[in-house]
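Undergrad: First the structure, which I've put down as C-alpha cells, then a few questions once you've had a look.
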Amino acid sequence: MPGQDLKKEIVNLIVKEEIRAGYVTTCVGSLKKVTLRLADGKSVRVWDERFEIVSVVGTVSPSKCHLHISVSDKDGKVIGGHLKEGCIIHTTAEIIITEDEDRIYERVYNEETGFDELVVRNI
C-alpha cells in the first residue's frame, strides 16, 4: 500500500506466513523513493523520485531475503540493484511469492565469496 516499505513488507509476509523457501515470481507497481545497493557490493544510493517497478527477483526465507529490483524513471531509463529498506511504495506493489514446500532455504557464510550464500535443503 502507499507509504509502505517494499522490503520490510516482503520480510513481514515471509515471517507471518512461515515461508521457509520462497522466491519472487513477479512484482509490478510504483515507488516514490528507491534505495539500492549497487554492483560494487558496497555503495548504497537513494533516489527521491517516482519509479515504475519493472521487476523484482530473488529468494526469500526467514533467515534472509536476497532480492534485486529493476525500476524505470519518467524517461524509461532503467536502473537496478540489491533491494534495500527504503524503497517506499507510491501507489501499489503487486507481489507474487511462490513457496517451495519441499525445501528449506538457508544462508551459510562462504569464505571464498565473503557472503552468506544460499543453501537449499530438502525436507
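Ligands are numbered from 1 in the order shown, chains are lettered A, B, ... in the order of the C-alpha cells, and residues start at 1 in each chain.
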List every residue of region 34-87 of chain A that has an atom at most 10 Å from any atom of region 97-106 of chain A, giving for each one its closest atom pair and the distance in Å to one decimal, counting only C-alpha atoms, sorted by chain and then by ascending residue number, as a Markdown table.
TA:
```
| residue | atom | partner | partner_atom | distance |
| --- | --- | --- | --- | --- |
| A:Val57 | CA | A:Ile97 | CA | 9.8 |
| A:Gly58 | CA | A:Ile97 | CA | 9.8 |
| A:Thr59 | CA | A:Tyr105 | CA | 8.1 |
| A:Val60 | CA | A:Tyr105 | CA | 7.6 |
| A:Ser61 | CA | A:Tyr105 | CA | 6.0 |
| A:Pro62 | CA | A:Glu106 | CA | 8.3 |
| A:Ser63 | CA | A:Glu106 | CA | 6.1 |
| A:Lys64 | CA | A:Glu106 | CA | 7.6 |
| A:Cys65 | CA | A:Tyr105 | CA | 9.7 |
```
Undergrad: Suppose we keep C-alpha atoms; can you now write the selection as a short mmCIF file (atom, residue, chain, number, x, y, z; two decimals), in the first residue's frame?
TA:
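Output saved as selection-v3.cif:
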```cif
data_model
loop_
_atom_site.label_atom_id
_atom_site.label_comp_id
_atom_site.auth_asym_id
_atom_site.auth_seq_id
_atom_site.Cartn_x
_atom_site.Cartn_y
_atom_site.Cartn_z
CA VAL A 57 13.66 -11.26 -8.35
CA GLY A 58 15.22 -13.29 -5.59
CA THR A 59 14.89 -15.83 -2.83
CA VAL A 60 13.09 -15.40 0.48
CA SER A 61 13.29 -17.26 3.76
CA PRO A 62 13.16 -16.45 7.47
CA SER A 63 16.98 -16.46 7.59
CA LYS A 64 17.36 -13.88 4.81
CA CYS A 65 15.72 -12.37 1.77
#
```
Undergrad: May I have all residues of chain A that DSSP, computed from the backbone, assigns to strand (DSSP E or B), given as a ChimeraX atom specification?
TA: /A:5,22-37,44-47,51-60,66-72,78-83,88-99,103-110,115-122
Undergrad: Suppose you want the space between CA of Met1 (chain A) and CA of Thr92 (chain A); what is it in Å?
TA: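 Between these atoms lies a distance of 5.2 Å.
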